[in-house]
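Participant: Let me begin by handing over the structure; questions about it come next.
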Amino acid sequence: MSMPERRLEPAALRTFIATALVGAGARQTDADAVATHLVDANLKGHDSHGAGRLPAYVDHARRELINLQASPRELTDTAVLIRVDADGGWGAPAAYALIDRAAAKARAHGLAAATIGNVHHLGRIGAYGEQAAAAGLVSMHFVNMTGEPPVVAPYRGSDARFGTNPVCISFPATQRRPAFLLDMATSQIALGKVRVAANKGLQVPAGSLIDRQGRPTTDPSGMARAEMEGALTPLGKHKGYGLAFACELLAGVLGGAGTIQPGNARKGVLQNSMFSVLVDPAAFGDTDWMQAETDAMAQYALASPPMDWDSPVLYPGDPERAIAGKRAKEGIPLDETTIGQLNAVAESLGLAERL
């Protein structure tokens with residue numbers, strides 16, 4: 001039986017989260033960036049990367065697993081390349097700044113590559129794809145996870161060896177269509193979605209989890225505990241496994257902060273590395289033709305007769321936009337378990353705020 005939900009006004013939720021983060025020691029500018037990022041994830045329908053992350057974030061800050069006074073430093077800075085060590089600080093503010101820097105290089109030289117490592121959880125990677133697309137740029141992002149034990153089994157494996165290692169590809173809007181946004185975990189489902197399901201008392205789709213004996217299960221409770229039991233499975237069997245491995249190499253190796261293999265320290269806090277490539281379409285040809293070709297391809301793909309007329313073919317990015325429009329008007333739905341966890345955080349910090 002699913003848990004009852006309440007709908008919360010986005011601005012109020014954003015203020016609540018920022019206040020809690022400041023109460024945990026975050027700088028106001030960092031708290032605002034992280035809170036905006038989390039609530040934006042809820043607005044886009046990615047509750048697994050939204051407000052429900054706050055208890056873990058506050059716990060990490062209070063246990064000094066995040067450098068609250070971080071000062072990111074450049075490891076490399078050339079005309080088309082930037083590598084950043086985030087000094088153990090918050091993910092969203094460091095990554096937004098990185099994409100801004102890389103976007104300027106891409107506009108000046110046609111393309112740019114960027115890496116960031118030694119950074120706390122980057123959150124919903126689609127946000128950085130949207131940021132690049134809004135600047136009129138194509139972008140590709142590959143992410144790995146270190147600092148905590150793995151949660152995804154390799155194809156043909158029976159225990160966890162990878163993170164959920166997301167991949168994101170975005171393309172700017174045309175005059176007729178909004179931005180293209182592909183944002184996906186390389187596991188069947190994201191770990192956060194397992195925890196959301198556990199909070200709501202729901203099962204997860206068959207084939208997306210294995211238990212600690214390596215057997216298929218639909219019960220998410222084992223993966224929602226502090227000491228996780230079991231593993232997520234890779235998207236598309238060998239295909240998702242291969243993409244997850246590619247993320248380890250592109251983000252972990254090229255990024256310089258390492259992969260999830262146990263020779264690298266696991267500090268008990270989720271850290272990410274990200275490898276991003278940003279491209280200015282204008283450097284590759286006639287942008288009017290590119291827009292027309294993008295529109296023609298989209299029209300062709302979306303005209304496929306749906307198998308279910310209630311579920312038409314969608315343009316990547318449309319689901320997020322549709323949900324955001326609905327939730328901006330009606331509020332963000334949060335189950336009572338999650339609301340209770342958020343209020344407990346505020347109480348533990350001695351704050352008067354409650355949801």
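Just so we're on the same page: first chain in the structure tokens is A, next is B, and so on; residues restart at 1 for each chain, and ligands are numbered from 1 in the order they show up.
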For Leu302 in chain A, work out the shell of residues within 8 Å, counting only C-alpha atoms and skipping chain neighbours fewer than 2 positions away, then give it as a list in words.
Facilitator: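 These residues fall inside the cut-off: Ala298, Gln299, Tyr300, Ser304, Pro312, Val313, Leu314 and Tyr315 of chain A.
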Participant: Can you tell me, as a VMD selection string, what residues are no more than 6 Å from range 154-158 of chain A when counting only C-alpha atoms, ignoring any on the same chain fewer than 5 positions away?
Facilitator: chain A and resid 214 237 to 238 241
Participant: Could you turn the residues from that selection into a file that holds all heavy atoms, as an mmCIF file, in the first residue's frame?
Facilitator:
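The resulting file, result.cif, is shown below:
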```
data_model
loop_
_atom_site.group_PDB
_atom_site.id
_atom_site.type_symbol
_atom_site.label_atom_id
_atom_site.label_comp_id
_atom_site.auth_asym_id
_atom_site.auth_seq_id
_atom_site.Cartn_x
_atom_site.Cartn_y
_atom_site.Cartn_z
ATOM 1 N N GLY A 214 22.251 -12.670 -4.931
ATOM 2 C CA GLY A 214 22.319 -12.531 -6.381
ATOM 3 C C GLY A 214 21.064 -12.976 -7.095
ATOM 4 O O GLY A 214 21.081 -13.162 -8.311
ATOM 5 N N LYS A 237 21.343 -4.981 -19.972
ATOM 6 C CA LYS A 237 22.334 -6.056 -19.817
ATOM 7 C C LYS A 237 23.752 -5.585 -20.151
ATOM 8 O O LYS A 237 24.268 -4.692 -19.502
ATOM 9 C CB LYS A 237 21.910 -7.262 -20.650
ATOM 10 C CG LYS A 237 20.545 -7.828 -20.250
ATOM 11 C CD LYS A 237 20.161 -9.033 -21.074
ATOM 12 C CE LYS A 237 18.810 -9.576 -20.635
ATOM 13 N NZ LYS A 237 18.386 -10.748 -21.440
ATOM 14 N N HIS A 238 24.379 -6.154 -21.187
ATOM 15 C CA HIS A 238 25.774 -5.825 -21.487
ATOM 16 C C HIS A 238 25.937 -4.377 -21.951
ATOM 17 O O HIS A 238 27.011 -3.792 -21.816
ATOM 18 C CB HIS A 238 26.324 -6.777 -22.554
ATOM 19 C CG HIS A 238 25.593 -6.719 -23.859
ATOM 20 N ND1 HIS A 238 24.340 -7.272 -24.034
ATOM 21 C CD2 HIS A 238 25.934 -6.168 -25.045
ATOM 22 C CE1 HIS A 238 23.935 -7.067 -25.283
ATOM 23 N NE2 HIS A 238 24.880 -6.403 -25.914
ATOM 24 N N TYR A 241 26.094 -2.102 -18.837
ATOM 25 C CA TYR A 241 27.366 -2.436 -18.188
ATOM 26 C C TYR A 241 28.533 -1.768 -18.913
ATOM 27 O O TYR A 241 29.417 -1.166 -18.281
ATOM 28 C CB TYR A 241 27.523 -3.955 -18.167
ATOM 29 C CG TYR A 241 28.933 -4.457 -17.946
ATOM 30 C CD1 TYR A 241 29.631 -4.145 -16.783
ATOM 31 C CD2 TYR A 241 29.549 -5.263 -18.890
ATOM 32 C CE1 TYR A 241 30.925 -4.616 -16.584
ATOM 33 C CE2 TYR A 241 30.832 -5.751 -18.701
ATOM 34 C CZ TYR A 241 31.519 -5.420 -17.550
ATOM 35 O OH TYR A 241 32.793 -5.883 -17.356
#
```
Participant: Have a look at A:Ala296, A:Ala33, A:Ala26, A:Leu43 and name the one nearest to Glu330 in chain A; count only C-alpha atoms.
Facilitator: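 Selected residue with least distance to Glu330 in chain A: A:Leu43.
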Participant: Quick one: residues within 10 Å of Val80 in chain A, only C-alpha atoms counted, chain neighbours fewer than 2 positions away excluded, as an NGL selection string?
Facilitator: :A and (77-78 or 82 or 102-114 or 277-278)
Participant: Find the residues near Val194 in chain A: any atom within 10 Å, counting only C-alpha atoms, skip ones fewer than 4 places away on the same chain, and give them as a ChimeraX atom specification.
Facilitator: /A:48,189-190,198-200,202-205,208-209,218-224,232
Participant: Would you pick out the contacts of range 15-23 of chain A at 12 Å or less, using only C-alpha atoms, so that residues sharing its chain but fewer than 6 positions from it are not included, and give the list as JSON, numbers by chain?
Facilitator: {"A": [8, 9, 29, 30, 31, 32, 33, 34, 35, 36, 37, 38, 39, 50, 51, 52, 53, 54, 55, 56, 57, 58, 59, 60, 61, 62, 66, 68, 90, 339, 342, 343, 344, 345, 346, 347, 348, 349, 350, 351, 352, 353, 354, 355]}
Participant: Just list the residues in range 70-241 of chain A DSSP gives strand (DSSP E or B) on the backbone, as a VMD selection string.
Facilitator: chain A and resid 73 to 77 81 to 85 111 to 120 138 to 146 152 162 167 to 171 180 to 184 187 209 to 210 216 to 217 231 to 232 234
Participant: Atoms to include: N, CA and C atoms. Write the selected residues as a tab-separated table (two decimals), in the first residue's frame.
Facilitator:
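Okay, out-v7.tsv is ready:
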```tsv
chain	number	residue	atom	x	y	z
A	73	ARG	N	40.04	24.38	-7.31
A	73	ARG	CA	41.26	24.86	-7.97
A	73	ARG	C	41.39	24.21	-9.35
A	74	GLU	N	41.96	24.97	-10.26
A	74	GLU	CA	42.15	24.49	-11.62
A	74	GLU	C	43.42	23.65	-11.71
A	75	LEU	N	43.27	22.45	-12.23
A	75	LEU	CA	44.42	21.59	-12.48
A	75	LEU	C	44.99	21.86	-13.87
A	76	THR	N	44.12	22.19	-14.80
A	76	THR	CA	44.50	22.52	-16.18
A	76	THR	C	43.54	23.59	-16.68
A	77	ASP	N	44.06	24.56	-17.40
A	77	ASP	CA	43.21	25.59	-18.00
A	77	ASP	C	43.85	26.05	-19.30
A	81	LEU	N	40.28	23.34	-22.75
A	81	LEU	CA	40.30	22.29	-21.72
A	81	LEU	C	40.33	22.91	-20.34
A	82	ILE	N	39.50	22.38	-19.45
A	82	ILE	CA	39.55	22.79	-18.05
A	82	ILE	C	39.35	21.56	-17.17
A	83	ARG	N	40.24	21.39	-16.20
A	83	ARG	CA	40.16	20.31	-15.21
A	83	ARG	C	40.13	20.96	-13.84
A	84	VAL	N	39.14	20.57	-13.01
A	84	VAL	CA	38.94	21.21	-11.71
A	84	VAL	C	38.94	20.17	-10.61
A	85	ASP	N	39.65	20.46	-9.53
A	85	ASP	CA	39.54	19.74	-8.27
A	85	ASP	C	38.65	20.58	-7.38
A	111	LEU	N	34.58	24.04	-29.44
A	111	LEU	CA	34.32	22.95	-28.50
A	111	LEU	C	35.22	23.09	-27.30
A	112	ALA	N	34.86	22.37	-26.23
A	112	ALA	CA	35.66	22.37	-25.00
A	112	ALA	C	35.40	21.07	-24.26
A	113	ALA	N	36.40	20.62	-23.54
A	113	ALA	CA	36.27	19.46	-22.66
A	113	ALA	C	36.55	19.90	-21.23
A	114	ALA	N	35.82	19.32	-20.29
A	114	ALA	CA	35.96	19.73	-18.90
A	114	ALA	C	35.82	18.53	-17.99
A	115	THR	N	36.57	18.52	-16.90
A	115	THR	CA	36.42	17.48	-15.89
A	115	THR	C	36.35	18.12	-14.52
A	116	ILE	N	35.63	17.45	-13.62
A	116	ILE	CA	35.60	17.86	-12.22
A	116	ILE	C	35.68	16.61	-11.37
A	117	GLY	N	36.44	16.66	-10.30
A	117	GLY	CA	36.59	15.55	-9.38
A	117	GLY	C	36.72	16.06	-7.96
A	118	ASN	N	36.80	15.12	-7.00
A	118	ASN	CA	36.89	15.46	-5.58
A	118	ASN	C	35.75	16.40	-5.20
A	119	VAL	N	34.53	15.99	-5.58
A	119	VAL	CA	33.35	16.84	-5.38
A	119	VAL	C	32.23	15.99	-4.80
A	120	HIS	N	31.42	16.59	-3.95
A	120	HIS	CA	30.27	15.90	-3.38
A	120	HIS	C	29.25	15.60	-4.48
A	138	VAL	N	25.64	22.07	-27.65
A	138	VAL	CA	25.49	20.63	-27.51
A	138	VAL	C	26.38	20.19	-26.34
A	139	SER	N	25.95	19.19	-25.58
A	139	SER	CA	26.81	18.72	-24.49
A	139	SER	C	26.66	17.24	-24.26
A	140	MET	N	27.74	16.63	-23.76
A	140	MET	CA	27.78	15.23	-23.36
A	140	MET	C	28.45	15.14	-22.01
A	141	HIS	N	27.87	14.37	-21.11
A	141	HIS	CA	28.38	14.27	-19.74
A	141	HIS	C	28.41	12.81	-19.31
A	142	PHE	N	29.53	12.40	-18.72
A	142	PHE	CA	29.72	11.04	-18.24
A	142	PHE	C	30.20	11.12	-16.79
A	143	VAL	N	29.57	10.36	-15.90
A	143	VAL	CA	29.79	10.53	-14.47
A	143	VAL	C	30.06	9.18	-13.80
A	144	ASN	N	31.04	9.17	-12.88
A	144	ASN	CA	31.21	7.98	-12.04
A	144	ASN	C	31.10	8.36	-10.57
A	145	MET	N	31.15	7.37	-9.70
A	145	MET	CA	30.94	7.55	-8.27
A	145	MET	C	32.08	6.93	-7.50
A	146	THR	N	32.57	7.64	-6.50
A	146	THR	CA	33.56	7.08	-5.57
A	146	THR	C	33.14	7.48	-4.16
A	152	VAL	N	25.76	-1.20	-8.22
A	152	VAL	CA	25.27	-1.81	-9.45
A	152	VAL	C	26.14	-3.01	-9.81
A	162	PHE	N	29.82	-1.21	-9.47
A	162	PHE	CA	29.77	0.10	-10.10
A	162	PHE	C	28.80	1.01	-9.36
A	167	VAL	N	24.74	9.05	-17.74
A	167	VAL	CA	25.15	9.63	-19.01
A	167	VAL	C	24.10	10.65	-19.41
A	168	CYS	N	24.53	11.82	-19.86
A	168	CYS	CA	23.59	12.86	-20.29
A	168	CYS	C	24.07	13.43	-21.62
A	169	ILE	N	23.15	13.60	-22.57
A	169	ILE	CA	23.44	14.24	-23.86
A	169	ILE	C	22.33	15.27	-24.10
A	170	SER	N	22.72	16.49	-24.42
A	170	SER	CA	21.72	17.52	-24.69
A	170	SER	C	22.02	18.22	-26.01
A	171	PHE	N	20.97	18.77	-26.60
A	171	PHE	CA	21.06	19.51	-27.85
A	171	PHE	C	20.18	20.74	-27.70
A	180	PHE	N	16.61	19.14	-26.61
A	180	PHE	CA	16.70	17.67	-26.51
A	180	PHE	C	17.50	17.36	-25.25
A	181	LEU	N	16.99	16.46	-24.40
A	181	LEU	CA	17.72	16.10	-23.18
A	181	LEU	C	17.57	14.61	-22.91
A	182	LEU	N	18.67	13.90	-23.07
A	182	LEU	CA	18.75	12.49	-22.67
A	182	LEU	C	19.56	12.44	-21.38
A	183	ASP	N	18.94	11.98	-20.32
A	183	ASP	CA	19.59	11.93	-19.00
A	183	ASP	C	19.21	10.62	-18.36
A	184	MET	N	20.18	9.72	-18.21
A	184	MET	CA	19.82	8.38	-17.75
A	184	MET	C	20.94	7.78	-16.90
A	187	SER	N	22.20	2.07	-14.79
A	187	SER	CA	21.50	0.96	-14.14
A	187	SER	C	20.06	0.97	-14.64
A	209	LEU	N	16.54	-5.33	-9.71
A	209	LEU	CA	17.27	-5.55	-8.46
A	209	LEU	C	17.64	-7.02	-8.31
A	210	ILE	N	18.76	-7.25	-7.62
A	210	ILE	CA	19.07	-8.59	-7.11
A	210	ILE	C	19.30	-8.48	-5.61
A	216	PRO	N	17.04	-12.41	-8.36
A	216	PRO	CA	16.14	-11.29	-8.70
A	216	PRO	C	15.12	-11.04	-7.59
A	217	THR	N	14.82	-9.76	-7.34
A	217	THR	CA	13.82	-9.38	-6.34
A	217	THR	C	13.15	-8.09	-6.77
A	231	ALA	N	21.95	-5.48	-5.06
A	231	ALA	CA	22.53	-4.60	-6.08
A	231	ALA	C	21.49	-4.28	-7.13
A	232	LEU	N	21.65	-3.11	-7.75
A	232	LEU	CA	20.90	-2.78	-8.94
A	232	LEU	C	21.47	-3.56	-10.12
A	234	PRO	N	22.35	-3.65	-14.41
A	234	PRO	CA	22.67	-2.68	-15.46
A	234	PRO	C	21.56	-2.55	-16.49
```
Participant: Between CA of Ile323 in chain A and CA of Asp310 in chain A, what distance in Å does the model show, to one decimal?
Facilitator: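 Going from CA of Ile323 in chain A over to CA of Asp310 in chain A, I get 16.3 Å.
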Participant: Let me make sure I understand: among A:Asp100, A:Glu248, A:Glu293, A:Asp318, which one has the smallest atom-to-atom distance to Leu137 in chain A if we use only C-alpha atoms?
Facilitator: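 Counting only C-alpha atoms, the residue closest to Leu137 in chain A is A:Asp100.
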Participant: List every residue of range 16-57 of chain A that DSSP, applied to the backbone of this structure, places in alpha helix (DSSP H), and write the result as a ChimeraX atom specification.
Facilitator: /A:16-23,28-43,54-57
Participant: Save out the residues we just selected, N, CA, C and O atoms, as a short mmCIF file (atom, residue, chain, number, x, y, z; two decimals), in the first residue's frame.
Facilitator:
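What ended up in part-v2.cif:
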```
data_model
loop_
_atom_site.label_atom_id
_atom_site.label_comp_id
_atom_site.auth_asym_id
_atom_site.auth_seq_id
_atom_site.Cartn_x
_atom_site.Cartn_y
_atom_site.Cartn_z
N PHE A 16 13.19 26.02 2.81
CA PHE A 16 13.38 25.06 3.91
C PHE A 16 14.72 24.34 3.76
O PHE A 16 15.49 24.23 4.72
N ILE A 17 15.03 23.87 2.55
CA ILE A 17 16.27 23.13 2.32
C ILE A 17 17.48 24.04 2.53
O ILE A 17 18.45 23.66 3.20
N ALA A 18 17.44 25.25 1.97
CA ALA A 18 18.57 26.17 2.12
C ALA A 18 18.80 26.51 3.59
O ALA A 18 19.95 26.57 4.05
N THR A 19 17.73 26.72 4.33
CA THR A 19 17.86 27.03 5.76
C THR A 19 18.52 25.88 6.52
O THR A 19 19.39 26.09 7.37
N ALA A 20 18.10 24.66 6.20
CA ALA A 20 18.70 23.49 6.85
C ALA A 20 20.18 23.36 6.51
O ALA A 20 21.00 23.06 7.38
N LEU A 21 20.54 23.60 5.26
CA LEU A 21 21.93 23.47 4.86
C LEU A 21 22.80 24.53 5.53
O LEU A 21 23.92 24.24 5.98
N VAL A 22 22.29 25.75 5.64
CA VAL A 22 23.03 26.79 6.37
C VAL A 22 23.15 26.39 7.84
O VAL A 22 24.21 26.56 8.46
N GLY A 23 22.08 25.83 8.39
CA GLY A 23 22.14 25.36 9.77
C GLY A 23 23.17 24.28 9.98
O GLY A 23 23.72 24.13 11.08
N GLN A 28 25.85 30.48 2.55
CA GLN A 28 24.54 30.79 2.00
C GLN A 28 24.49 30.58 0.49
O GLN A 28 23.51 30.03 -0.04
N THR A 29 25.52 31.01 -0.22
CA THR A 29 25.51 30.86 -1.68
C THR A 29 25.50 29.38 -2.08
O THR A 29 24.81 28.99 -3.02
N ASP A 30 26.27 28.57 -1.36
CA ASP A 30 26.26 27.13 -1.64
C ASP A 30 24.90 26.52 -1.30
O ASP A 30 24.37 25.70 -2.06
N ALA A 31 24.35 26.90 -0.16
CA ALA A 31 23.05 26.36 0.26
C ALA A 31 21.97 26.70 -0.76
O ALA A 31 21.13 25.85 -1.10
N ASP A 32 21.99 27.92 -1.26
CA ASP A 32 20.99 28.33 -2.25
C ASP A 32 21.14 27.52 -3.54
O ASP A 32 20.13 27.09 -4.13
N ALA A 33 22.38 27.31 -3.98
CA ALA A 33 22.60 26.54 -5.22
C ALA A 33 22.16 25.10 -5.06
O ALA A 33 21.51 24.53 -5.95
N VAL A 34 22.50 24.49 -3.94
CA VAL A 34 22.13 23.08 -3.71
C VAL A 34 20.61 22.95 -3.57
O VAL A 34 20.00 22.04 -4.14
N ALA A 35 20.00 23.86 -2.81
CA ALA A 35 18.55 23.81 -2.62
C ALA A 35 17.81 23.98 -3.95
O ALA A 35 16.85 23.26 -4.24
N THR A 36 18.26 24.92 -4.76
CA THR A 36 17.65 25.14 -6.07
C THR A 36 17.78 23.89 -6.94
O THR A 36 16.84 23.48 -7.62
N HIS A 37 18.95 23.26 -6.89
CA HIS A 37 19.20 22.06 -7.68
C HIS A 37 18.28 20.91 -7.25
O HIS A 37 17.69 20.22 -8.09
N LEU A 38 18.15 20.70 -5.94
CA LEU A 38 17.31 19.61 -5.43
C LEU A 38 15.84 19.82 -5.78
O LEU A 38 15.16 18.90 -6.25
N VAL A 39 15.35 21.03 -5.58
CA VAL A 39 13.94 21.30 -5.86
C VAL A 39 13.67 21.23 -7.36
O VAL A 39 12.61 20.76 -7.79
N ASP A 40 14.63 21.66 -8.16
CA ASP A 40 14.49 21.55 -9.61
C ASP A 40 14.35 20.08 -10.03
O ASP A 40 13.57 19.75 -10.92
N ALA A 41 15.10 19.19 -9.36
CA ALA A 41 14.98 17.76 -9.65
C ALA A 41 13.56 17.28 -9.33
O ALA A 41 12.96 16.53 -10.10
N ASN A 42 13.00 17.72 -8.19
CA ASN A 42 11.62 17.37 -7.87
C ASN A 42 10.66 17.92 -8.91
O ASN A 42 9.73 17.23 -9.35
N LEU A 43 10.87 19.16 -9.33
CA LEU A 43 9.98 19.77 -10.32
C LEU A 43 10.00 18.99 -11.63
O LEU A 43 8.97 18.85 -12.30
N LEU A 54 18.16 15.56 1.30
CA LEU A 54 18.60 16.48 2.35
C LEU A 54 19.13 15.78 3.60
O LEU A 54 20.18 16.19 4.12
N PRO A 55 18.46 14.75 4.15
CA PRO A 55 19.01 14.13 5.36
C PRO A 55 20.45 13.64 5.19
O PRO A 55 21.29 13.85 6.08
N ALA A 56 20.75 13.02 4.06
CA ALA A 56 22.11 12.54 3.82
C ALA A 56 23.07 13.72 3.68
O ALA A 56 24.19 13.69 4.23
N TYR A 57 22.66 14.75 2.96
CA TYR A 57 23.54 15.92 2.76
C TYR A 57 23.88 16.57 4.11
O TYR A 57 25.03 16.92 4.37
#
```
Participant: Residues near Pro172 in chain A, anyone? I mean within 6 Å using only C-alpha atoms, not counting same-chain ones fewer than 2 positions away, as an MDAnalysis selection string.
Facilitator: chainID A and resid 133 136:137 179
Participant: In terms of the shortest atom-to-atom distance over only C-alpha atoms, which of A:Thr338, A:Ser273, A:Gln291, A:Thr164 is closest to Pro149 in chain A?
Facilitator: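 Looking only at the distances to Pro149 in chain A, the closest residue turns out to be A:Thr164.
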Participant: Report, in Å with one decimal, the straight-line distance from CA of Asn67 in chain A to CA of Gly147 in chain A.
Facilitator: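 CA of Asn67 in chain A sits 14.1 Å away from CA of Gly147 in chain A.
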Participant: Please determine, counting only C-alpha atoms, which residue among A:Ala173, A:Ala127, A:Leu254, A:Ala303 has the shortest atom-to-atom distance to Met290 in chain A.
Facilitator: A:Ala173
